[in-house]
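Here is the file start.csv (CSV, C-alpha atoms).
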```csv
chain,number,residue,atom,x,y,z
A,1,MET,CA,0.0,0.0,0.0
A,2,SER,CA,1.3,3.5,-0.9
A,3,GLU,CA,1.9,6.0,1.9
A,4,ALA,CA,-0.7,8.3,0.2
A,5,LEU,CA,-3.3,5.6,0.2
A,6,ASP,CA,-2.5,4.8,3.9
A,7,ASP,CA,-3.0,8.5,4.7
A,8,LEU,CA,-6.3,8.6,2.8
A,9,LEU,CA,-7.7,5.5,4.7
A,10,ASP,CA,-6.6,7.1,7.9
A,11,LEU,CA,-8.5,10.3,6.9
A,12,LEU,CA,-11.7,8.4,6.2
A,13,ASP,CA,-11.5,6.4,9.4
A,14,VAL,CA,-13.7,8.8,11.5
A,15,GLU,CA,-13.4,8.7,15.3
A,16,GLN,CA,-16.4,7.7,17.3
A,17,ILE,CA,-16.8,10.2,20.2
A,18,GLU,CA,-20.2,9.2,21.5
A,19,GLN,CA,-23.0,6.8,20.4
A,20,ASP,CA,-23.9,7.8,16.8
A,21,ILE,CA,-21.5,10.8,16.9
A,22,PHE,CA,-18.3,10.8,15.0
A,23,ARG,CA,-15.4,13.2,14.3
A,24,GLY,CA,-13.5,13.6,11.2
A,25,ARG,CA,-10.5,15.7,10.2
A,26,SER,CA,-9.6,17.3,6.9
A,27,ARG,CA,-6.4,17.9,5.0
A,28,SER,CA,-5.4,20.6,2.5
A,29,ALA,CA,-7.2,20.4,-0.8
A,30,VAL,CA,-6.4,21.8,-4.2
A,31,VAL,CA,-8.9,24.5,-3.4
A,32,PRO,CA,-9.3,26.4,0.0
A,33,ARG,CA,-12.2,24.3,1.2
A,34,VAL,CA,-13.0,20.7,2.2
A,35,PHE,CA,-13.1,18.4,-0.8
A,36,GLY,CA,-16.7,17.2,-1.3
A,37,GLY,CA,-15.7,13.6,-1.9
A,38,GLN,CA,-14.0,13.6,1.5
A,39,VAL,CA,-17.0,14.7,3.5
A,40,ALA,CA,-19.3,12.4,1.6
A,41,ALA,CA,-17.1,9.4,2.2
A,42,GLN,CA,-16.6,10.2,5.9
A,43,ALA,CA,-20.3,10.6,6.3
A,44,LEU,CA,-20.9,7.2,4.7
A,45,VAL,CA,-18.3,5.7,7.0
A,46,ALA,CA,-20.1,7.1,10.0
A,47,ALA,CA,-23.5,5.8,8.8
A,48,GLY,CA,-22.0,2.4,8.0
A,49,ARG,CA,-20.5,2.1,11.5
A,50,THR,CA,-24.1,2.0,12.9
A,51,VAL,CA,-25.5,-0.6,10.5
A,52,PRO,CA,-25.4,-4.5,10.9
A,53,GLU,CA,-22.5,-6.1,9.2
A,54,ASP,CA,-24.7,-8.2,6.9
A,55,ARG,CA,-26.1,-5.0,5.2
A,56,THR,CA,-24.2,-3.1,2.5
A,57,ALA,CA,-24.8,0.4,1.1
A,58,HIS,CA,-27.0,0.4,-2.0
A,59,SER,CA,-27.7,4.2,-2.3
A,60,LEU,CA,-26.9,7.6,-0.9
A,61,HIS,CA,-28.3,11.1,-1.5
A,62,ALA,CA,-26.4,14.1,-0.3
A,63,TYR,CA,-26.5,17.9,-0.3
A,64,PHE,CA,-23.5,20.2,0.1
A,65,LEU,CA,-24.8,23.0,2.3
A,66,ARG,CA,-21.8,25.2,3.1
A,67,MET,CA,-18.1,25.4,2.2
A,68,GLY,CA,-16.2,23.3,4.7
A,69,ASP,CA,-13.2,24.6,6.7
A,70,PRO,CA,-10.2,22.3,6.1
A,71,GLY,CA,-8.6,23.6,9.3
A,72,ALA,CA,-11.4,22.5,11.7
A,73,PRO,CA,-12.8,19.1,12.7
A,74,ILE,CA,-16.1,17.9,11.3
A,75,VAL,CA,-18.7,16.3,13.6
A,76,TYR,CA,-21.0,13.7,12.1
A,77,THR,CA,-24.3,13.0,13.8
A,78,VAL,CA,-26.1,9.8,12.7
A,79,ASP,CA,-29.8,9.4,13.0
A,80,ARG,CA,-31.1,5.8,12.9
A,81,ILE,CA,-34.1,6.5,10.8
A,82,ARG,CA,-35.2,2.9,10.2
A,83,ASP,CA,-34.1,-0.7,10.7
A,84,GLY,CA,-36.3,-3.0,8.7
A,85,ARG,CA,-36.1,-6.7,7.9
A,86,SER,CA,-34.2,-6.0,4.6
A,87,PHE,CA,-33.3,-2.3,4.6
A,88,THR,CA,-31.6,0.1,7.0
A,89,THR,CA,-31.8,3.8,6.6
A,90,ARG,CA,-29.5,6.4,8.1
A,91,ARG,CA,-29.3,10.2,8.0
A,92,VAL,CA,-26.1,12.0,8.7
A,93,VAL,CA,-25.5,15.7,9.3
A,94,ALA,CA,-22.0,17.1,9.2
A,95,VAL,CA,-21.4,20.2,11.4
A,96,GLN,CA,-18.5,22.7,11.6
A,97,HIS,CA,-18.5,25.9,13.7
A,98,GLY,CA,-22.0,25.2,14.9
A,99,HIS,CA,-23.5,25.0,11.4
A,100,PRO,CA,-24.4,22.1,9.1
A,101,ILE,CA,-22.2,21.9,6.1
A,102,PHE,CA,-23.4,18.6,4.6
A,103,HIS,CA,-26.4,16.3,4.8
A,104,LEU,CA,-26.5,12.6,3.7
A,105,SER,CA,-29.2,10.0,3.6
A,106,ALA,CA,-28.0,6.4,3.0
A,107,SER,CA,-29.7,3.1,2.6
A,108,PHE,CA,-28.3,-0.3,3.3
A,109,GLN,CA,-29.7,-3.7,2.3
A,110,THR,CA,-29.2,-7.4,3.1
A,111,ASP,CA,-27.8,-9.5,0.2
A,112,GLU,CA,-30.7,-10.6,-1.9
A,113,GLU,CA,-31.3,-12.3,-5.3
A,114,GLY,CA,-33.6,-10.9,-7.9
A,115,LEU,CA,-34.0,-9.9,-11.6
A,116,GLU,CA,-30.8,-9.0,-13.4
A,117,HIS,CA,-30.0,-6.7,-16.4
A,118,GLN,CA,-27.7,-3.8,-17.0
A,119,ALA,CA,-26.6,-1.2,-19.5
A,120,GLU,CA,-23.7,-2.3,-21.7
A,121,MET,CA,-20.3,-1.0,-20.9
A,122,PRO,CA,-19.1,1.6,-23.4
A,123,PRO,CA,-15.9,1.0,-25.3
A,124,ALA,CA,-12.7,2.4,-23.7
A,125,PRO,CA,-9.0,1.8,-24.1
A,126,ALA,CA,-7.2,-0.4,-21.6
A,127,PRO,CA,-6.2,1.7,-18.5
A,128,GLU,CA,-2.6,0.6,-18.7
A,129,SER,CA,-2.3,2.2,-22.2
A,130,LEU,CA,-3.1,5.6,-20.8
A,131,PRO,CA,-0.7,8.1,-19.2
A,132,THR,CA,-0.6,8.4,-15.4
A,133,ALA,CA,-1.4,11.7,-13.7
A,134,ALA,CA,2.4,12.3,-13.2
A,135,GLU,CA,3.0,11.8,-16.9
A,136,MET,CA,0.0,13.9,-18.1
A,137,LEU,CA,-0.4,16.9,-15.7
A,138,PRO,CA,3.0,18.6,-16.2
A,139,ARG,CA,2.2,19.0,-19.9
A,140,TYR,CA,-0.4,21.6,-19.0
A,141,ALA,CA,1.4,23.5,-16.2
A,142,GLY,CA,1.6,26.6,-18.4
A,143,ASP,CA,-2.2,26.6,-18.8
A,144,PHE,CA,-2.9,26.9,-15.0
A,145,ILE,CA,-3.2,30.3,-13.4
A,146,ASP,CA,-1.2,29.1,-10.4
A,147,PRO,CA,2.1,27.3,-11.2
A,148,SER,CA,1.7,25.2,-8.1
A,149,THR,CA,-1.5,23.6,-9.3
A,150,VAL,CA,0.2,20.6,-10.8
A,151,ASP,CA,1.9,19.7,-7.6
A,152,ARG,CA,-1.3,20.2,-5.6
A,153,LEU,CA,-3.3,18.0,-8.0
A,154,LEU,CA,-0.7,15.3,-7.9
A,155,GLU,CA,-0.6,15.4,-4.1
A,156,ALA,CA,-4.5,15.3,-3.9
A,157,ARG,CA,-4.7,12.3,-6.2
A,158,ALA,CA,-1.6,10.4,-5.0
A,159,ALA,CA,-3.8,7.8,-3.3
A,160,VAL,CA,-5.7,7.1,-6.5
A,161,ASP,CA,-4.4,6.1,-9.9
A,162,LEU,CA,-6.7,8.2,-12.1
A,163,ARG,CA,-6.2,8.2,-15.9
A,164,TYR,CA,-8.1,10.2,-18.5
A,165,VAL,CA,-9.2,8.4,-21.6
A,166,ASP,CA,-9.4,11.7,-23.6
A,167,GLU,CA,-7.8,15.0,-22.9
A,168,PRO,CA,-9.2,16.7,-19.8
A,169,PRO,CA,-11.1,20.1,-20.0
A,170,PHE,CA,-8.1,22.2,-19.2
A,171,ALA,CA,-6.2,20.7,-22.2
A,172,THR,CA,-8.7,22.0,-24.8
A,173,VAL,CA,-9.8,25.4,-23.6
A,174,GLY,CA,-11.9,27.2,-26.2
A,175,GLN,CA,-12.8,24.0,-28.0
A,176,GLU,CA,-16.3,22.8,-27.5
A,177,ARG,CA,-16.5,19.1,-27.4
A,178,GLU,CA,-19.1,16.3,-26.8
A,179,PRO,CA,-20.3,16.6,-23.2
A,180,ARG,CA,-18.8,13.3,-22.3
A,181,SER,CA,-15.7,12.2,-20.3
A,182,GLN,CA,-14.2,8.9,-19.3
A,183,VAL,CA,-11.5,8.1,-16.7
A,184,TRP,CA,-10.2,4.9,-15.3
A,185,PHE,CA,-9.4,4.8,-11.6
A,186,ARG,CA,-8.3,2.5,-8.8
A,187,ALA,CA,-6.7,2.8,-5.3
A,188,ASN,CA,-2.9,3.0,-5.4
A,189,GLY,CA,-2.6,-0.2,-3.3
A,190,LYS,CA,-4.3,-3.3,-2.0
A,191,LEU,CA,-7.4,-2.7,0.2
A,192,ALA,CA,-8.9,-4.8,2.9
A,193,ASP,CA,-12.0,-7.0,2.1
A,194,ASP,CA,-14.5,-4.6,3.8
A,195,PRO,CA,-17.3,-3.8,1.3
A,196,LEU,CA,-17.9,-0.5,3.0
A,197,LEU,CA,-14.3,0.6,2.5
A,198,HIS,CA,-14.6,0.0,-1.3
A,199,VAL,CA,-17.9,1.9,-1.5
A,200,CYS,CA,-16.4,4.8,0.4
A,201,LEU,CA,-13.3,5.0,-1.8
A,202,ALA,CA,-15.5,5.1,-4.9
A,203,THR,CA,-17.6,7.8,-3.2
A,204,TYR,CA,-14.5,9.8,-2.6
A,205,VAL,CA,-13.3,9.6,-6.2
A,206,SER,CA,-16.7,10.2,-7.7
A,207,ASP,CA,-16.5,13.9,-6.8
A,208,MET,CA,-13.2,14.5,-8.6
A,209,THR,CA,-14.2,14.6,-12.3
A,210,LEU,CA,-18.0,14.3,-12.6
A,211,LEU,CA,-18.6,17.9,-13.8
A,212,ASP,CA,-15.9,17.7,-16.5
A,213,SER,CA,-18.5,16.9,-19.1
A,214,VAL,CA,-20.3,20.2,-18.4
A,215,LEU,CA,-17.1,22.1,-19.0
A,216,LEU,CA,-16.3,20.2,-22.2
A,217,ALA,CA,-19.6,21.2,-23.8
A,218,HIS,CA,-18.6,24.9,-23.5
A,219,GLY,CA,-14.9,24.8,-24.1
A,220,ARG,CA,-14.2,25.7,-20.5
A,221,GLY,CA,-11.1,24.5,-18.7
A,222,GLY,CA,-12.3,24.7,-15.0
A,223,TRP,CA,-11.2,26.3,-11.8
A,224,ALA,CA,-7.5,25.7,-12.4
A,225,VAL,CA,-7.6,27.7,-15.6
A,226,GLY,CA,-9.9,30.3,-14.1
A,227,ASP,CA,-12.6,30.4,-16.7
A,228,VAL,CA,-15.3,29.0,-14.4
A,229,VAL,CA,-16.0,28.9,-10.7
A,230,GLY,CA,-18.0,26.1,-9.2
A,231,ALA,CA,-18.9,23.8,-6.3
A,232,SER,CA,-20.9,20.6,-5.8
A,233,LEU,CA,-24.5,21.1,-4.8
A,234,ASP,CA,-25.9,17.6,-4.5
A,235,HIS,CA,-24.7,14.1,-5.2
A,236,ALA,CA,-26.5,10.8,-5.5
A,237,MET,CA,-25.1,7.2,-5.9
A,238,TRP,CA,-26.6,3.8,-6.4
A,239,PHE,CA,-24.4,0.8,-5.7
A,240,HIS,CA,-25.7,-2.1,-7.9
A,241,ARG,CA,-23.1,-4.8,-7.7
A,242,PRO,CA,-20.1,-5.6,-5.6
A,243,PHE,CA,-16.8,-4.2,-6.7
A,244,ARG,CA,-13.2,-3.6,-5.5
A,245,ALA,CA,-11.9,0.0,-5.5
A,246,ASP,CA,-8.3,-1.4,-5.8
A,247,GLN,CA,-9.1,-2.9,-9.2
A,248,TRP,CA,-9.6,-0.8,-12.4
A,249,LEU,CA,-13.0,0.9,-12.6
A,250,LEU,CA,-14.3,2.9,-15.7
A,251,TYR,CA,-16.0,6.1,-14.8
A,252,ASP,CA,-18.1,7.0,-17.9
A,253,GLN,CA,-19.6,10.6,-17.4
A,254,GLN,CA,-21.8,12.8,-19.4
A,255,SER,CA,-23.8,16.0,-19.0
A,256,PRO,CA,-27.4,16.3,-20.3
A,257,SER,CA,-28.0,19.9,-19.2
A,258,ALA,CA,-26.5,23.1,-17.9
A,259,SER,CA,-28.6,26.2,-17.1
A,260,GLY,CA,-29.2,28.8,-14.4
A,261,GLY,CA,-25.6,28.7,-13.2
A,262,ARG,CA,-25.8,25.0,-12.6
A,263,GLY,CA,-24.6,22.0,-14.5
A,264,LEU,CA,-25.7,18.3,-14.3
A,265,GLY,CA,-23.4,15.4,-14.6
A,266,GLN,CA,-24.5,11.7,-14.7
A,267,ALA,CA,-22.3,8.7,-14.8
A,268,ARG,CA,-21.9,5.0,-14.6
A,269,ILE,CA,-19.0,3.1,-13.1
A,270,TYR,CA,-18.1,-0.3,-14.6
A,271,THR,CA,-15.7,-3.0,-13.5
A,272,GLN,CA,-13.0,-3.9,-16.0
A,273,ASP,CA,-14.9,-7.0,-17.0
A,274,GLY,CA,-18.0,-5.0,-17.9
A,275,ARG,CA,-20.2,-5.2,-14.8
A,276,LEU,CA,-22.2,-2.1,-14.0
A,277,ALA,CA,-21.2,-1.4,-10.4
A,278,VAL,CA,-22.4,2.2,-9.6
A,279,SER,CA,-24.7,4.9,-11.0
A,280,VAL,CA,-23.9,8.5,-10.1
A,281,ILE,CA,-25.7,11.9,-10.6
A,282,GLN,CA,-24.4,15.3,-9.4
A,283,GLU,CA,-25.5,18.9,-9.9
A,284,GLY,CA,-23.0,21.7,-9.2
A,285,VAL,CA,-22.6,25.4,-9.5
A,286,VAL,CA,-20.9,26.2,-12.7
A,287,ARG,CA,-20.5,30.0,-13.2
A,288,VAL,CA,-18.6,32.1,-15.6
A,289,PRO,CA,-16.6,34.7,-13.6
A,290,ARG,CA,-17.6,38.3,-13.9
A,291,ASP,CA,-15.0,40.7,-15.3
```

Written as structure tokens, that's how I'd like the structure from this file.
Amino acid sequence: MSEALDDLLDLLDVEQIEQDIFRGRSRSAVVPRVFGGQVAAQALVAAGRTVPEDRTAHSLHAYFLRMGDPGAPIVYTVDRIRDGRSFTTRRVVAVQHGHPIFHLSASFQTDEEGLEHQAEMPPAPAPESLPTAAEMLPRYAGDFIDPSTVDRLLEARAAVDLRYVDEPPFATVGQEREPRSQVWFRANGKLADDPLLHVCLATYVSDMTLLDSVLLAHGRGGWAVGDVVGASLDHAMWFHRPFRADQWLLYDQQSPSASGGRGLGQARIYTQDGRLAVSVIQEGVVRVPRD
């Protein structure tokens, strides 16, 4: 296991300070706020710690309410909404400085057999044929408004091997493209066999690139280029089939709409052998800066 992955797992391992109350910490992000994927993953960990071991997460719905302060702890309070025969529902509120910054509802289910079908996995090149972040990002250092952006991105993504299938938005500024983006990702090291851990790692990564497809449709490069400002508003995930976050996963993303200063991204995550593992939808603020 890489040191960066070990640090990430330690970050997601929230501390229980009272029954149904947990405390998480943050680390510096590439922007001066708590990374949304971090708070979503920590909240899911907190919820999962109150659920019977025979039940795995099958969905989450979340709202990002306020910008998180990376220099302060985050307190997660879990409400045990329902414990049914097959399903368990939890609600989590994340609080900083006396104010809620994030709200999560998550549902867990016992293993059950039923009808089976899925959308076919789209074509994509093998992940090993694509450049790593360390190979790709330095090419675009001159396009970023801050010269340190490459180093900060590499540090933020060191725990995850994330590889773009096509050029990212900041590589083709001014060029409108199909509102679709694909990346392969996996944890940079072997993970334990805890299903909640793999779901939480996927939740963490899912917030990294989901709104890229919105930017591509308008030839925008993103916050690092300075031609848009944005933030996640809400996030939903459905976990269809078991998967391992330390094995390659294809994150196929597209944007059906942008309007009113908001953009919508929707995506599917497939295992390398073609099984549909996760569906994701996110809406975010995507604004063009005023002169």

Check: What separation in Å, quoted to one decimal, exists between atom CA of Glu18 of chain A and atom CA of Leu196 of chain A?
Finding: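 Between these atoms lies a distance of 21.0 Å.
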
Note to self: Considering all atoms listed in the file, can you say which of A:Val286, A:Val39, A:Ile81, A:Leu197 comes closest to Arg27 of chain A?
What the structure shows: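 When distances to Arg27 of chain A are compared using all atoms listed in the file, the smallest one comes from A:Val39.
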
Next item on the list: Please write as a PyMOL selection string the list of polymer residues whose atoms come within 8 Å of (-4.7, -2.0, -5.6), counting only C-alpha atoms and keeping to the coordinates of the file.
Entry: chain A and resi 1+186-191+245-247

Could those selected residues go to a file with C-alpha atoms, as a PDB file, in the frame of the given file?
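That gives us part_11.pdb:
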```pdb
ATOM      1  CA  MET A   1       0.000   0.000   0.000  1.00  0.00           C
ATOM      2  CA  ARG A 186      -8.300   2.500  -8.800  1.00  0.00           C
ATOM      3  CA  ALA A 187      -6.700   2.800  -5.300  1.00  0.00           C
ATOM      4  CA  ASN A 188      -2.900   3.000  -5.400  1.00  0.00           C
ATOM      5  CA  GLY A 189      -2.600  -0.200  -3.300  1.00  0.00           C
ATOM      6  CA  LYS A 190      -4.300  -3.300  -2.000  1.00  0.00           C
ATOM      7  CA  LEU A 191      -7.400  -2.700   0.200  1.00  0.00           C
ATOM      8  CA  ALA A 245     -11.900   0.000  -5.500  1.00  0.00           C
ATOM      9  CA  ASP A 246      -8.300  -1.400  -5.800  1.00  0.00           C
ATOM     10  CA  GLN A 247      -9.100  -2.900  -9.200  1.00  0.00           C
TER      11      GLN A 247
END
```

Notebook entry, point to check: So, counting all atoms listed in the file, which residue among A:Gln272, A:Thr172, A:Ser259, A:Ser213 is closest to Asp143 of chain A?
Noted result: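 Smallest distance to Asp143 of chain A is found for A:Thr172.
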
Margin query: Show me, as a ChimeraX atom specification, the residues that have an atom within 12 Å of segment 50-56 of chain A when counting all atoms listed in the file, minus same-chain residues fewer than 6 positions from it.
Written below: /A:16,18-22,43-44,77-92,106-112,194-200,238-243

Next item on the list: Just the residues within 12 Å of Gln118 of chain A, please, counting all atoms listed in the file, with nothing from its chain fewer than 6 positions along; format it as an MDAnalysis selection string.
Entry: chainID A and resid 240:241 268:270 274:279

Next item on the list: Kindly indicate which residue among A:Ala202, A:Leu250, A:Met136, A:Val183 lies nearest to Gln42 of chain A, using all atoms listed in the file for the distances.
Entry: A:Ala202

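Distances from A:Trp248, A:Ile145, A:Pro100, A:Arg177 to Arg163 of chain A were compared using only C-alpha atoms, and the smallest one belongs to A:Trp248.
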
Next item on the list: Compare A:Ala57, A:Leu249, A:Ala231, A:Ala224 by their minimum atom-to-atom distance to Gly36 of chain A, counting only C-alpha atoms, and give me the closest one.
Entry: A:Ala231

Item checked: Which residue of A:Glu178, A:Glu120, A:Asp166, A:Glu113 approaches Pro256 of chain A most closely, using only C-alpha atoms -> A:Glu178

Next item on the list: With a distance cut-off of 6 Å and all atoms listed in the file, select the neighbouring residues of Gln266 of chain A, excluding the residue or stretch itself and same-chain residues fewer than 6 positions from it, and output the selection as a VMD selection string.
Entry: chain A and resid 253 to 254 280 to 281

Check: At what distance in Å, to one decimal, does atom CA of Tyr251 of chain A lie from atom CA of Val165 of chain A?
Finding: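 Atom CA of Tyr251 of chain A lies 9.9 Å from atom CA of Val165 of chain A.
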
Margin query: I'd like the neighbourhood of Ala236 of chain A as a ChimeraX atom specification, where a residue qualifies if any of its atoms comes within 12 Å (using only C-alpha atoms), though same-chain residues fewer than 6 positions away should be ignored.
Written below: /A:37,40,58-64,103-107,203,206-207,210,264-268,278-283

Find the spatial neighbours of Gly142 of chain A, counting only C-alpha atoms, within a cut-off of 10 Å - ignore same-chain residues fewer than 5 positions away - and output them as a compact mmCIF listing (two decimals) with C-alpha atoms, in the frame of the given file.
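The resulting file, selection_25.txt, is reproduced below:
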```txt
# COMPACT_ATOMS: atom_id res chain seq x y z
CA PRO A 147 2.10 27.30 -11.20
CA VAL A 150 0.20 20.60 -10.80
CA VAL A 225 -7.60 27.70 -15.60
```

Notebook entry, point to check: Between atom CA of Arg139 of chain A and atom CA of Pro179 of chain A, what is the distance, to one decimal in Å?
Noted result: 22.9 Å

Quick one: segment 204-258 of chain A from the block, C-alpha atoms, as an mmCIF file, in the first residue's frame.
```cif
data_model
loop_
_atom_site.group_PDB
_atom_site.id
_atom_site.type_symbol
_atom_site.label_atom_id
_atom_site.label_comp_id
_atom_site.auth_asym_id
_atom_site.auth_seq_id
_atom_site.Cartn_x
_atom_site.Cartn_y
_atom_site.Cartn_z
ATOM 1 C CA TYR A 204 -14.456 9.812 -2.554
ATOM 2 C CA VAL A 205 -13.257 9.557 -6.175
ATOM 3 C CA SER A 206 -16.697 10.163 -7.692
ATOM 4 C CA ASP A 207 -16.525 13.886 -6.849
ATOM 5 C CA MET A 208 -13.209 14.457 -8.644
ATOM 6 C CA THR A 209 -14.220 14.632 -12.319
ATOM 7 C CA LEU A 210 -18.008 14.338 -12.612
ATOM 8 C CA LEU A 211 -18.631 17.893 -13.822
ATOM 9 C CA ASP A 212 -15.859 17.714 -16.470
ATOM 10 C CA SER A 213 -18.465 16.882 -19.106
ATOM 11 C CA VAL A 214 -20.284 20.156 -18.364
ATOM 12 C CA LEU A 215 -17.062 22.088 -19.035
ATOM 13 C CA LEU A 216 -16.321 20.188 -22.249
ATOM 14 C CA ALA A 217 -19.638 21.217 -23.791
ATOM 15 C CA HIS A 218 -18.646 24.888 -23.501
ATOM 16 C CA GLY A 219 -14.901 24.771 -24.083
ATOM 17 C CA ARG A 220 -14.179 25.714 -20.486
ATOM 18 C CA GLY A 221 -11.074 24.540 -18.653
ATOM 19 C CA GLY A 222 -12.250 24.705 -15.049
ATOM 20 C CA TRP A 223 -11.179 26.303 -11.792
ATOM 21 C CA ALA A 224 -7.457 25.666 -12.401
ATOM 22 C CA VAL A 225 -7.618 27.678 -15.629
ATOM 23 C CA GLY A 226 -9.853 30.324 -14.053
ATOM 24 C CA ASP A 227 -12.602 30.431 -16.663
ATOM 25 C CA VAL A 228 -15.307 29.015 -14.365
ATOM 26 C CA VAL A 229 -16.015 28.908 -10.658
ATOM 27 C CA GLY A 230 -18.020 26.100 -9.157
ATOM 28 C CA ALA A 231 -18.858 23.752 -6.338
ATOM 29 C CA SER A 232 -20.855 20.568 -5.811
ATOM 30 C CA LEU A 233 -24.489 21.100 -4.807
ATOM 31 C CA ASP A 234 -25.924 17.614 -4.490
ATOM 32 C CA HIS A 235 -24.732 14.103 -5.163
ATOM 33 C CA ALA A 236 -26.467 10.750 -5.496
ATOM 34 C CA MET A 237 -25.077 7.244 -5.946
ATOM 35 C CA TRP A 238 -26.610 3.792 -6.393
ATOM 36 C CA PHE A 239 -24.412 0.759 -5.749
ATOM 37 C CA HIS A 240 -25.696 -2.052 -7.949
ATOM 38 C CA ARG A 241 -23.098 -4.809 -7.702
ATOM 39 C CA PRO A 242 -20.066 -5.619 -5.557
ATOM 40 C CA PHE A 243 -16.752 -4.203 -6.749
ATOM 41 C CA ARG A 244 -13.232 -3.561 -5.525
ATOM 42 C CA ALA A 245 -11.897 -0.014 -5.549
ATOM 43 C CA ASP A 246 -8.339 -1.379 -5.767
ATOM 44 C CA GLN A 247 -9.110 -2.852 -9.197
ATOM 45 C CA TRP A 248 -9.639 -0.793 -12.357
ATOM 46 C CA LEU A 249 -13.038 0.923 -12.646
ATOM 47 C CA LEU A 250 -14.253 2.855 -15.700
ATOM 48 C CA TYR A 251 -16.014 6.131 -14.794
ATOM 49 C CA ASP A 252 -18.137 7.020 -17.852
ATOM 50 C CA GLN A 253 -19.555 10.554 -17.426
ATOM 51 C CA GLN A 254 -21.809 12.835 -19.447
ATOM 52 C CA SER A 255 -23.800 16.035 -19.017
ATOM 53 C CA PRO A 256 -27.398 16.258 -20.284
ATOM 54 C CA SER A 257 -27.980 19.874 -19.184
ATOM 55 C CA ALA A 258 -26.525 23.133 -17.925
#
```
